[in-house]
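Asks: My structure file final29.txt, compact mmCIF, C-alpha atoms, is below:
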# COMPACT_ATOMS: atom_id res chain seq x y z
CA MET A 1 0.00 0.00 0.00
CA THR A 2 2.90 2.40 0.66
CA VAL A 3 3.98 2.34 -2.97
CA PHE A 4 0.55 3.53 -4.12
CA ILE A 5 0.63 6.39 -1.62
CA LEU A 6 4.17 7.40 -2.65
CA CYS A 7 3.19 7.26 -6.31
CA PHE A 8 0.22 9.52 -5.57
CA ALA A 9 2.58 11.89 -3.73
CA LEU A 10 4.67 12.12 -6.91
CA PHE A 11 1.49 13.07 -8.79
CA LEU A 12 0.71 15.75 -6.19
CA VAL A 13 4.19 17.25 -6.63
CA GLY A 14 3.43 17.57 -10.34
CA VAL A 15 0.04 19.21 -9.70
CA HIS A 16 1.63 21.68 -7.30
CA GLY A 17 4.25 22.58 -9.90
CA VAL A 18 1.69 23.14 -12.65
CA LEU A 19 -0.46 25.37 -10.46
CA THR A 20 2.19 27.55 -8.80
CA ARG A 21 5.12 27.93 -11.23
CA ARG A 22 5.24 30.92 -13.58
CA ASN A 23 8.03 29.69 -15.84
CA LEU A 24 6.79 27.83 -18.94
CA ILE A 25 9.67 25.32 -18.88
CA LYS A 26 8.90 24.52 -15.25
CA VAL A 27 5.27 23.90 -16.19
CA VAL A 28 6.38 21.46 -18.89
CA ILE A 29 8.66 19.68 -16.38
CA SER A 30 5.78 19.40 -13.89
CA LEU A 31 3.50 17.94 -16.56
CA THR A 32 6.21 15.37 -17.38
CA ILE A 33 6.42 14.40 -13.71
CA MET A 34 2.63 13.90 -13.60
CA GLU A 35 2.88 11.65 -16.67
CA PHE A 36 5.66 9.62 -15.02
CA SER A 37 3.57 9.05 -11.91
CA ILE A 38 0.64 7.81 -13.98
CA PHE A 39 2.85 5.35 -15.90
CA LEU A 40 4.23 4.09 -12.61
CA MET A 41 0.73 3.71 -11.13
CA LEU A 42 -0.46 1.57 -14.05
CA ALA A 43 2.65 -0.62 -13.88
CA LEU A 44 2.20 -1.00 -10.10
CA VAL A 45 -1.45 -2.01 -10.44
CA GLY A 46 -0.58 -4.75 -12.93
CA TYR A 47 2.19 -6.30 -10.85
CA VAL A 48 1.74 -9.78 -9.40
CA SER A 49 4.19 -10.66 -6.64
CA MET A 50 6.76 -13.26 -7.69
CA GLY A 51 5.26 -13.10 -11.20
CA GLU A 52 7.33 -13.41 -14.36
CA ALA A 53 7.62 -11.01 -17.27
CA PRO A 54 4.89 -11.56 -19.91
CA VAL A 55 7.21 -13.14 -22.49
CA LEU A 56 6.80 -16.89 -22.95
CA GLY A 57 9.37 -19.40 -24.12
CA SER A 58 8.95 -20.99 -27.54
CA ASP A 59 7.26 -24.02 -25.91
CA LEU A 60 4.24 -21.79 -25.12
CA VAL A 61 4.05 -22.89 -21.47
CA VAL A 62 2.38 -20.15 -19.42
CA PRO A 63 4.13 -19.85 -16.03
CA GLN A 64 2.12 -20.08 -12.83
CA LEU A 65 2.22 -16.36 -12.11
CA VAL A 66 2.51 -13.79 -14.89
CA VAL A 67 2.47 -10.00 -14.67
CA ASP A 68 -0.64 -8.56 -16.36
CA PRO A 69 0.29 -7.54 -19.94
CA LEU A 70 -2.66 -5.17 -20.47
CA PRO A 71 -1.44 -2.16 -18.40
CA GLN A 72 2.02 -2.61 -19.88
CA ALA A 73 0.64 -2.40 -23.42
CA MET A 74 -1.24 0.79 -22.54
CA VAL A 75 1.78 2.45 -20.89
CA LEU A 76 4.02 1.44 -23.80
CA THR A 77 2.07 3.57 -26.26
CA ALA A 78 1.50 6.36 -23.74
CA ILE A 79 5.25 6.86 -23.19
CA VAL A 80 5.89 7.65 -26.86
CA ILE A 81 2.82 9.91 -27.01
CA ALA A 82 4.12 11.76 -23.93
CA LEU A 83 7.40 12.44 -25.75
CA ALA A 84 5.60 13.83 -28.79
CA THR A 85 3.27 16.07 -26.78
CA ASN A 86 6.21 17.28 -24.68
CA ALA A 87 8.08 18.23 -27.83
CA MET A 88 5.01 20.11 -29.05
CA LEU A 89 4.68 22.02 -25.74
CA LEU A 90 8.37 22.91 -25.91
CA THR A 91 8.04 24.26 -29.45
CA ILE A 92 5.11 26.42 -28.31
CA ALA A 93 7.29 27.70 -25.45
CA VAL A 94 10.12 28.47 -27.88
CA ARG A 95 7.82 30.42 -30.18
CA LEU A 96 6.43 32.41 -27.24
CA TYR A 97 9.99 33.20 -26.15
CA LYS A 98 10.81 34.41 -29.65
CA LYS A 99 7.78 36.69 -29.67
CA TYR A 100 7.83 38.09 -26.11
CA GLY A 101 11.41 37.52 -24.91
CA THR A 102 10.38 35.85 -21.68
CA PHE A 103 9.11 32.54 -20.27
CA ASP A 104 6.95 34.30 -17.65
CA ILE A 105 3.27 33.44 -18.17
CA ARG A 106 2.06 36.59 -16.41
CA ARG A 107 4.13 38.91 -18.61
CA ILE A 108 2.93 37.00 -21.69
CA ASN A 109 -0.65 37.52 -20.53
CA GLU A 110 -0.08 41.24 -20.15
CA LEU A 111 1.77 41.74 -23.44
CA LYS A 112 -1.15 40.95 -25.74
CA GLY A 113 -0.94 41.36 -29.51
CA MET B 1 25.06 24.39 -34.83
CA ARG B 2 28.74 23.52 -35.12
CA GLY B 3 30.16 20.02 -35.01
CA MET B 4 32.42 18.64 -32.31
CA SER B 5 36.03 17.45 -32.44
CA VAL B 6 37.21 14.67 -34.76
CA ILE B 7 37.34 12.09 -31.95
CA VAL B 8 33.68 12.60 -31.11
CA LYS B 9 32.76 12.48 -34.80
CA LYS B 10 34.53 9.16 -35.39
CA ILE B 11 33.12 7.51 -32.26
CA ALA B 12 29.63 8.78 -33.11
CA GLN B 13 29.87 7.26 -36.60
CA LEU B 14 30.92 3.89 -35.19
CA MET B 15 28.35 3.87 -32.40
CA SER B 16 25.42 5.13 -34.45
CA SER B 17 25.70 2.22 -36.88
CA LEU B 18 25.59 -0.20 -33.93
CA ILE B 19 22.58 1.59 -32.42
CA PHE B 20 20.82 1.55 -35.79
CA VAL B 21 21.31 -2.21 -36.22
CA TYR B 22 20.13 -2.80 -32.65
CA GLY B 23 17.01 -0.76 -33.34
CA ILE B 24 16.26 -2.84 -36.45
CA TYR B 25 16.74 -6.00 -34.37
CA ILE B 26 14.34 -4.73 -31.69
CA ILE B 27 11.73 -3.90 -34.34
CA THR B 28 11.88 -7.18 -36.26
CA HIS B 29 11.97 -9.38 -33.14
CA GLY B 30 9.14 -7.48 -31.47
CA HIS B 31 6.88 -10.53 -31.30
CA LEU B 32 9.57 -12.80 -29.83
CA THR B 33 11.55 -10.72 -27.32
CA PRO B 34 10.80 -7.58 -25.30
CA GLY B 35 10.58 -4.55 -27.51
CA GLY B 36 8.64 -3.80 -30.65
CA GLY B 37 7.89 -0.96 -32.98
CA PHE B 38 7.77 1.81 -30.39
CA ALA B 39 11.09 0.95 -28.68
CA GLY B 40 12.94 0.15 -31.92
CA GLY B 41 11.68 3.26 -33.65
CA ALA B 42 12.90 5.44 -30.80
CA LEU B 43 16.31 3.71 -30.98
CA VAL B 44 16.63 4.32 -34.74
CA ALA B 45 15.72 7.97 -34.22
CA GLY B 46 18.35 8.12 -31.47
CA ALA B 47 21.04 6.91 -33.89
CA PHE B 48 20.24 9.73 -36.33
CA ILE B 49 20.05 12.33 -33.56
CA LEU B 50 23.49 11.25 -32.30
CA LEU B 51 24.97 11.68 -35.80
CA ILE B 52 23.46 15.15 -36.24
CA LEU B 53 24.57 16.30 -32.77
CA ALA B 54 28.14 15.12 -33.27
CA ASN B 55 28.65 16.29 -36.84
CA GLY B 56 26.87 19.61 -36.75
CA SER B 57 24.10 20.76 -38.99
CA GLU B 58 26.25 21.05 -42.13
CA TYR B 59 26.48 17.27 -42.17
CA VAL B 60 23.02 16.76 -43.62
CA ARG B 61 20.98 18.95 -45.92
CA LEU B 62 18.37 19.71 -43.33
CA LYS B 63 15.42 20.78 -45.46
CA ARG B 64 15.56 17.77 -47.75
CA GLN B 65 16.01 15.39 -44.80
CA GLU B 66 13.00 16.89 -43.08
CA GLU B 67 10.83 16.50 -46.18
CA GLY B 68 11.99 12.89 -46.53
CA SER B 69 11.30 11.94 -42.93
CA SER B 70 7.88 13.61 -43.04
CA LEU B 71 7.06 11.63 -46.20
CA ILE B 72 8.16 8.34 -44.62
CA GLU B 73 6.00 9.09 -41.59
CA SER B 74 2.90 9.62 -43.70
CA ILE B 75 3.56 6.51 -45.78
CA ALA B 76 3.99 4.37 -42.65
CA VAL B 77 0.71 5.48 -41.08
CA LEU B 78 -1.08 5.00 -44.38
CA SER B 79 0.27 1.49 -44.91
CA ALA B 80 -0.69 0.43 -41.37
CA LEU B 81 -4.24 1.65 -42.10
CA VAL B 82 -4.29 -0.16 -45.45
CA LEU B 83 -3.12 -3.38 -43.77
CA ALA B 84 -5.90 -3.08 -41.18
CA THR B 85 -8.48 -2.44 -43.89
CA VAL B 86 -7.27 -5.43 -45.90
CA GLY B 87 -8.02 -7.46 -42.77
CA LEU B 88 -11.56 -6.08 -42.99
CA ALA B 89 -11.87 -7.24 -46.58
CA ALA B 90 -10.04 -10.56 -46.44
CA GLY B 91 -11.14 -11.92 -43.09
CA SER B 92 -14.46 -12.21 -41.38
CA LEU B 93 -15.33 -8.49 -41.53
CA VAL B 94 -13.16 -7.60 -38.53
CA PHE B 95 -10.99 -4.50 -38.61
CA PHE B 96 -7.44 -5.40 -37.53
CA ASN B 97 -8.11 -9.05 -38.33
CA ASN B 98 -4.94 -11.17 -38.22
CA TRP B 99 -5.50 -12.62 -41.68
CA LEU B 100 -2.05 -13.94 -42.60
CA PRO B 101 -1.22 -17.54 -41.64
CA GLY B 102 0.10 -17.77 -38.10
CA GLY B 103 3.05 -20.08 -38.62
CA ILE B 104 4.85 -21.75 -35.73
CA PRO B 105 4.93 -19.49 -32.64
CA GLY B 106 8.50 -18.73 -31.61
CA GLN B 107 9.99 -18.47 -35.10
CA LEU B 108 10.99 -15.20 -36.74
CA ILE B 109 8.37 -15.39 -39.49
CA SER B 110 5.22 -16.11 -37.53
CA ALA B 111 2.31 -14.34 -35.82
CA GLY B 112 0.63 -13.26 -39.06
CA THR B 113 0.41 -9.51 -39.51
CA ILE B 114 1.96 -8.50 -36.16
CA PRO B 115 5.57 -8.19 -37.47
CA LEU B 116 4.33 -6.08 -40.39
CA TYR B 117 2.50 -3.73 -38.01
CA ASN B 118 5.65 -3.58 -35.89
CA ILE B 119 7.76 -2.57 -38.88
CA PHE B 120 5.30 0.12 -39.95
CA ILE B 121 4.93 1.59 -36.48
CA GLY B 122 8.72 1.52 -36.08
CA MET B 123 9.08 3.55 -39.27
CA GLU B 124 6.37 5.94 -38.07
CA VAL B 125 7.90 6.55 -34.63
CA ALA B 126 11.43 6.96 -36.00
CA ALA B 127 10.33 9.36 -38.72
CA ALA B 128 8.17 11.41 -36.34
CA LEU B 129 10.96 11.86 -33.79
CA ILE B 130 13.52 12.73 -36.48
CA THR B 131 11.07 15.23 -37.99
CA ILE B 132 10.53 16.95 -34.63
CA PHE B 133 14.28 17.12 -33.96
CA LEU B 134 15.11 18.41 -37.45
CA ALA B 135 12.39 21.06 -37.18
CA LEU B 136 13.98 22.33 -33.96
CA VAL B 137 17.47 22.34 -35.56
CA ILE B 138 16.23 24.23 -38.64
CA TYR B 139 14.51 26.78 -36.38
CA LYS B 140 17.77 27.27 -34.48
CA GLU B 141 19.67 27.85 -37.74
CA GLU B 142 17.09 30.36 -38.93
CA ILE B 143 17.05 32.49 -35.79
CA SER B 144 20.85 32.57 -35.53
CA LYS B 145 21.11 33.94 -39.06
CA MET C 1 10.65 -5.74 -2.93
CA GLU C 2 8.10 -3.24 -1.70
CA VAL C 3 10.70 -1.57 0.53
CA MET C 4 13.17 -1.23 -2.36
CA LEU C 5 10.46 0.26 -4.58
CA SER C 6 9.46 2.68 -1.82
CA VAL C 7 13.05 3.88 -1.47
CA ILE C 8 13.37 4.46 -5.21
CA ILE C 9 10.03 6.27 -5.48
CA GLY C 10 10.92 8.36 -2.43
CA SER C 11 14.16 9.53 -4.05
CA MET C 12 12.17 10.26 -7.21
CA ILE C 13 9.85 12.50 -5.16
CA VAL C 14 12.84 14.36 -3.71
CA ALA C 15 14.25 14.84 -7.22
CA ALA C 16 10.87 16.07 -8.47
CA ILE C 17 10.67 18.68 -5.69
CA ALA C 18 14.22 19.74 -6.54
CA ALA C 19 13.27 20.02 -10.20
CA ILE C 20 10.33 22.28 -9.43
CA HIS C 21 12.24 24.57 -7.06
CA ALA C 22 15.63 24.75 -8.79
CA ARG C 23 17.10 28.21 -9.42
CA ASP C 24 18.63 27.18 -12.75
CA LEU C 25 16.56 25.66 -15.56
CA LEU C 26 19.42 23.35 -16.63
CA SER C 27 19.63 21.77 -13.18
CA ALA C 28 15.83 21.48 -13.14
CA ILE C 29 16.01 19.48 -16.37
CA ILE C 30 18.74 17.24 -14.97
CA ALA C 31 16.65 16.58 -11.85
CA GLN C 32 13.75 15.67 -14.12
CA GLY C 33 16.10 13.24 -15.87
CA PHE C 34 16.77 11.63 -12.49
CA VAL C 35 13.02 11.05 -12.10
CA GLY C 36 12.84 9.50 -15.58
CA TYR C 37 15.75 7.11 -15.07
CA GLY C 38 14.42 6.15 -11.64
CA LEU C 39 11.22 5.18 -13.44
CA VAL C 40 13.32 2.85 -15.65
CA ILE C 41 14.64 1.05 -12.56
CA CYS C 42 11.07 0.73 -11.22
CA PHE C 43 9.93 -0.79 -14.52
CA VAL C 44 12.76 -3.33 -14.44
CA MET C 45 11.84 -4.29 -10.87
CA LEU C 46 8.15 -4.58 -11.81
CA ARG C 47 9.00 -7.14 -14.56
CA ALA C 48 8.19 -4.84 -17.46
CA PRO C 49 11.20 -5.06 -19.81
CA ASP C 50 9.31 -3.56 -22.76
CA LEU C 51 8.54 -0.42 -20.80
CA ALA C 52 12.11 -0.14 -19.52
CA ILE C 53 13.55 -0.23 -23.06
CA VAL C 54 11.12 2.40 -24.33
CA GLN C 55 11.46 4.69 -21.33
CA ILE C 56 15.26 4.74 -21.30
CA VAL C 57 15.43 5.78 -24.97
CA VAL C 58 12.56 8.26 -24.78
CA GLU C 59 13.97 9.91 -21.66
CA THR C 60 17.32 10.46 -23.38
CA ILE C 61 15.67 12.07 -26.42
CA THR C 62 13.50 14.27 -24.17
CA LEU C 63 16.58 15.47 -22.29
CA VAL C 64 18.36 16.31 -25.55
CA ILE C 65 15.39 18.33 -26.84
CA MET C 66 14.86 20.13 -23.52
CA VAL C 67 18.54 21.06 -23.14
CA ALA C 68 18.56 22.35 -26.71
CA VAL C 69 15.50 24.52 -26.02
CA VAL C 70 16.89 25.93 -22.76
CA LEU C 71 20.35 26.69 -24.17
CA ASP C 72 18.70 28.51 -27.07
CA SER C 73 16.71 30.82 -24.82
CA SER C 74 17.28 31.85 -21.23
CA ARG C 75 18.26 29.43 -18.46
CA LYS C 76 17.55 31.74 -15.54
CA GLU C 77 14.58 31.01 -13.30
CA LEU C 78 12.28 33.98 -12.65
CA GLU C 79 12.39 35.82 -9.36
CA THR C 80 9.73 34.60 -6.96
CA VAL C 81 7.74 37.57 -5.77
CA ILE C 82 5.21 37.13 -3.00
CA ASP C 83 2.15 39.09 -3.99
CA ARG C 84 -1.60 38.52 -4.05
CA ARG C 85 -1.63 36.29 -7.11
CA GLN C 86 1.18 34.07 -5.83
CA VAL C 87 -0.65 33.60 -2.54
CA ALA C 88 -3.89 32.90 -4.42
CA THR C 89 -2.29 30.23 -6.65
CA THR C 90 -0.58 28.59 -3.70
CA GLY C 91 -3.88 28.47 -1.80
CA MET C 92 -5.59 27.05 -4.88
CA SER C 93 -2.91 24.39 -5.19
CA LEU C 94 -3.32 23.42 -1.52
CA LEU C 95 -7.09 23.20 -2.02
CA PHE C 96 -6.59 20.92 -5.03
CA LEU C 97 -4.16 18.75 -3.09
CA VAL C 98 -6.66 18.27 -0.27
CA LEU C 99 -9.47 17.52 -2.74
CA LEU C 100 -7.37 14.98 -4.67
CA LEU C 101 -6.24 13.40 -1.39
CA PHE C 102 -9.89 12.99 -0.38
CA PHE C 103 -10.79 11.19 -3.60
CA PHE C 104 -7.61 9.10 -3.48
CA ASN C 105 -8.55 8.03 0.02
CA ARG C 106 -11.95 6.94 -1.28
CA ALA C 107 -10.47 5.11 -4.28
CA ILE C 108 -7.58 3.29 -2.60
CA GLY C 109 -10.02 1.04 -0.75
CA SER C 110 -11.20 -0.60 -3.95
CA LEU C 111 -7.68 -1.43 -5.16
CA ALA C 112 -6.23 -4.84 -4.43
CA ARG C 113 -3.15 -4.94 -2.22
CA PHE C 114 0.19 -4.47 -3.99
CA GLY C 115 1.12 -7.74 -5.68
CA ASP C 116 -2.30 -9.40 -5.35
CA HIS C 117 -3.60 -8.28 -8.72
CA THR C 118 -6.40 -10.43 -10.13
CA LEU C 119 -8.64 -9.36 -12.95
CA ARG C 120 -11.26 -11.21 -14.95
CA MET C 121 -9.96 -9.54 -18.11
CA SER C 122 -6.34 -10.55 -17.77
CA GLU C 123 -7.15 -14.28 -17.84
CA ALA C 124 -8.15 -14.00 -21.51
CA TYR C 125 -5.01 -12.03 -22.35
CA VAL C 126 -2.68 -14.56 -20.72
CA THR C 127 -3.98 -18.10 -21.17
CA GLY C 128 -4.21 -19.18 -24.78
CA ALA C 129 -3.22 -15.76 -26.09
CA ALA C 130 0.02 -17.05 -27.60
CA GLU C 131 -1.86 -19.68 -29.61
CA GLN C 132 -4.46 -17.16 -30.76
CA THR C 133 -2.13 -14.38 -31.86
CA GLY C 134 1.00 -16.40 -32.62
CA SER C 135 3.15 -13.89 -30.74
CA ILE C 136 4.99 -15.22 -27.70
CA ASN C 137 5.57 -11.69 -26.40
CA LEU C 138 2.18 -11.18 -24.79
CA VAL C 139 2.51 -7.38 -24.68
CA THR C 140 2.91 -7.19 -28.45
CA GLY C 141 -0.03 -9.58 -28.85
CA VAL C 142 -2.25 -7.30 -26.77
CA LEU C 143 -0.90 -4.22 -28.54
CA TRP C 144 -1.50 -5.30 -32.14
CA ASP C 145 -4.19 -7.94 -31.95
CA PHE C 146 -6.59 -7.57 -29.03
CA ARG C 147 -6.32 -3.80 -28.83
CA GLY C 148 -5.34 -2.72 -32.32
CA TYR C 149 -7.75 0.20 -32.34
CA ASP C 150 -6.06 1.82 -29.34
CA THR C 151 -2.63 1.52 -30.88
CA LEU C 152 -3.82 2.93 -34.18
CA GLY C 153 -5.26 5.91 -32.31
CA GLU C 154 -1.97 6.46 -30.51
CA ALA C 155 -0.08 6.34 -33.81
CA THR C 156 -2.47 8.98 -35.15
CA VAL C 157 -1.79 11.19 -32.13
CA LEU C 158 1.96 10.87 -32.72
CA PHE C 159 1.49 11.80 -36.39
CA THR C 160 -0.64 14.82 -35.43
CA ALA C 161 1.94 15.98 -32.90
CA ALA C 162 4.71 15.87 -35.51
CA ILE C 163 2.56 17.84 -37.98
CA GLY C 164 1.73 20.33 -35.21
CA VAL C 165 5.41 20.89 -34.43
CA LEU C 166 6.14 21.49 -38.12
CA THR C 167 3.27 23.98 -38.35
CA ILE C 168 4.07 25.93 -35.19
CA ILE C 169 7.79 26.26 -35.65
CA ARG C 170 7.91 27.35 -39.29
CA LEU C 171 9.04 30.97 -39.50
CA GLU C 172 8.33 31.78 -43.12
CA GLY C 173 5.63 30.22 -45.26
CA LYS C 174 6.45 27.87 -48.09
CA LYS C 175 6.34 29.24 -51.57
Would you kindly transcribe this structure into structure tokens?

Replies:
Amino acid sequence: MTVFILCFALFLVGVHGVLTRRNLIKVVISLTIMEFSIFLMLALVGYVSMGEAPVLGSDLVVPQLVVDPLPQAMVLTAIVIALATNAMLLTIAVRLYKKYGTFDIRRINELKG
Amino acid sequence: MRGMSVIVKKIAQLMSSLIFVYGIYIITHGHLTPGGGFAGGALVAGAFILLILANGSEYVRLKRQEEGSSLIESIAVLSALVLATVGLAAGSLVFFNNWLPGGIPGQLISAGTIPLYNIFIGMEVAAALITIFLALVIYKEEISK
Amino acid sequence: MEVMLSVIIGSMIVAAIAAIHARDLLSAIIAQGFVGYGLVICFVMLRAPDLAIVQIVVETITLVIMVAVVLDSSRKELETVIDRRQVATTGMSLLFLVLLLFFFNRAIGSLARFGDHTLRMSEAYVTGAAEQTGSINLVTGVLWDFRGYDTLGEATVLFTAAIGVLTIIRLEGKK
């Protein structure tokens, strides 16, 4: 049970960062940390103690205890998507820096047009 | 973006070929060992990114490379869709039907359409990551001019 | 096992706090890299080799892109000023934390204990899946056979993100 609580604490750190930081790069980093905690949560939920990795031998014998492959398949795609969306957020940040000369969200809000 | 010293360039050339071959191995053995299209595609993209970082941006003609990788990306997504639709037509009216013969599980050529999907998604991931990286490098060149 | 995982996740939390409060953006990015590579170790311990391979490559590429972005622009963190808006956002964040903690407390009761995972669904994905799909890596079998729609959607999102980057970052229009 402690691992679930610690994983949730990691998520809370990310939420705190998104809500209180003013720097755009810090916001992107906080979002990445939230993504990490969600990947970890899914992998933790699917774990079976003393289970084996979901790769069989060529004799097709399923071991007694296997880790659930479904959360792993979902996280596998989500990791690559997270990279692509992160890159997109970073390009938006770069363009805003080019236009306004700052990463500060408040200044960007004030300097309209 | 300027290149690094000749030692870094030589080591990067040697290592990137190894990383590239390892990525291809991960993609083609995705149904037998851990890995698959997503992991292998990211590795192949990593090999190219290492080359560009070590050799500087004069090493490749950026614009043409970017157009090429964007084209490969589109073709890969399209062919995965076509393969899924062929399953709709050839099989029992199920999208994503595994319509090729299964073969013996555990051998390299087995599992029907899964290795083909792995290859296409590997191409797609590699091309997408290279496109994003090249777009950033081109932007950096343009603002430093 | 659970103790080892707790230690690793605890150090990841410390690194995450350091990343959020760092004075220099470059050190913030490096602390975020610590969180990412700690996640790789967790995946290896949780018997998920596929995830470990993907995460270790993706984390490296993310770090390269982030360092490139920060070195291009400024790497100084903004001054923290304590005014009404800062106090308001901090209070809002505390409120959110309490709210999320409340719902987490409600939800944690319905989860099985760590390591005792049993699901009706996972039976079908494990027993007989290798004969049905022909793929002895069960994760790939789930990815491309049982749940092909999901994976196709994710590939579409990746494609859209790449197109979006190309559109946003272009300075001058094509002739």

Asks: Smallest atom-to-atom distance to chain B: which of A:Leu56, A:Met74, A:Val3, A:Leu65, using all atoms listed in the file?

Replies: A:Leu56

Asks: Could you name the residues that touch Leu25 in chain C at 9 Å or less, counting all atoms listed in the file, but leaving out those on the same chain fewer than 4 positions away, as a ChimeraX atom specification?

Replies: /A:25-26 /C:19,29-30,70,74-77

Asks: Emit as lines of an AutoDock Vina configuration file the padded axis-aligned box for all listed atoms of range 92-108 of chain C, 3 Å per side, with centre and edge lengths in Å to one decimal.

Replies:
center_x = -7.4
center_y = 15.2
center_z = -2.6
size_x = 15.0
size_y = 29.8
size_z = 11.2

Asks: Do a neighbour search on Gly37 in chain B at 9 Å with only C-alpha atoms, toss out local chain neighbours closer than 3 positions, and write the hits as a PyMOL selection string.

Replies: chain B and resi 26-28+30+40-42+115+117-125

Asks: Can you tell me, as a PyMOL selection string, what residues are no more than 8 Å from Arg22 in chain A when counting all atoms listed in the file, ignoring any on the same chain fewer than 3 positions away?

Replies: (chain A and resi 26-27+103-106) or (chain C and resi 78)

Asks: Could you please select, counting only C-alpha atoms, the residues of chain A within 9 Å of chain B and state them as a list in words?

Replies: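 Residues satisfying the distance criterion: Pro54, Val55, Leu56, Gly57, Ser58, Asp59, Leu60, Leu76, Thr77, Val80, Leu83, Ala84, Ala87, Met88, Thr91 and Lys98 of chain A.
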
Asks: Which of these residues is nearest to chain A, using only C-alpha atoms: C:Val57, C:Leu63, C:Leu143, C:Leu99?

Replies: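 Comparing C:Val57, C:Leu63, C:Leu143, C:Leu99 against chain A, the winner is C:Leu143.
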
Asks: Kindly provide the residues of chain C that approach chain B to within 8 Å, each paired with its closest atom pair and their distance in Å to one decimal, based on only C-alpha atoms, listed by chain and increasing number, as CSV.

Replies:
residue,atom,partner,partner_atom,distance
C:Pro49,CA,B:Pro34,CA,6.1
C:Asp50,CA,B:Pro34,CA,5.0
C:Ile53,CA,B:Ala39,CA,6.2
C:Val54,CA,B:Ala39,CA,4.6
C:Val57,CA,B:Ala42,CA,6.4
C:Val58,CA,B:Ala42,CA,6.7
C:Ile61,CA,B:Gly46,CA,6.9
C:Ile65,CA,B:Phe133,CA,7.3
C:Asp72,CA,B:Lys140,CA,7.6
C:Ala130,CA,B:Pro105,CA,7.4
C:Glu131,CA,B:Pro105,CA,7.4
C:Thr133,CA,B:Ala111,CA,5.9
C:Gly134,CA,B:Ala111,CA,4.0
C:Ser135,CA,B:His31,CA,5.1
C:Ile136,CA,B:Leu32,CA,5.6
C:Asn137,CA,B:His31,CA,5.2
C:Thr140,CA,B:His31,CA,5.9
C:Gly141,CA,B:His31,CA,7.4
C:Trp144,CA,B:Ile114,CA,6.2
C:Asp145,CA,B:Phe96,CA,6.9
C:Gly148,CA,B:Phe96,CA,6.2
C:Tyr149,CA,B:Phe96,CA,7.6
C:Ala155,CA,B:Val77,CA,7.4
C:Thr156,CA,B:Val77,CA,7.6
C:Leu158,CA,B:Ala128,CA,7.2
C:Phe159,CA,B:Ala128,CA,6.7
C:Ala162,CA,B:Ala128,CA,5.7
C:Val165,CA,B:Ile132,CA,6.5
C:Leu166,CA,B:Ala135,CA,6.3
C:Ile169,CA,B:Tyr139,CA,6.8
C:Arg170,CA,B:Tyr139,CA,7.2
C:Leu171,CA,B:Tyr139,CA,7.6

Asks: Please measure the separation of CA of Val14 in chain C and CA of Ala31 in chain C, giving the value in Å to one decimal.

Replies: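 That distance, rounded to one decimal, is 9.3 Å.
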
Asks: Between CA of Gly115 in chain C and CA of Ala129 in chain C, what is the spacing in Å?

Replies: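 Between these atoms lies a distance of 22.4 Å.
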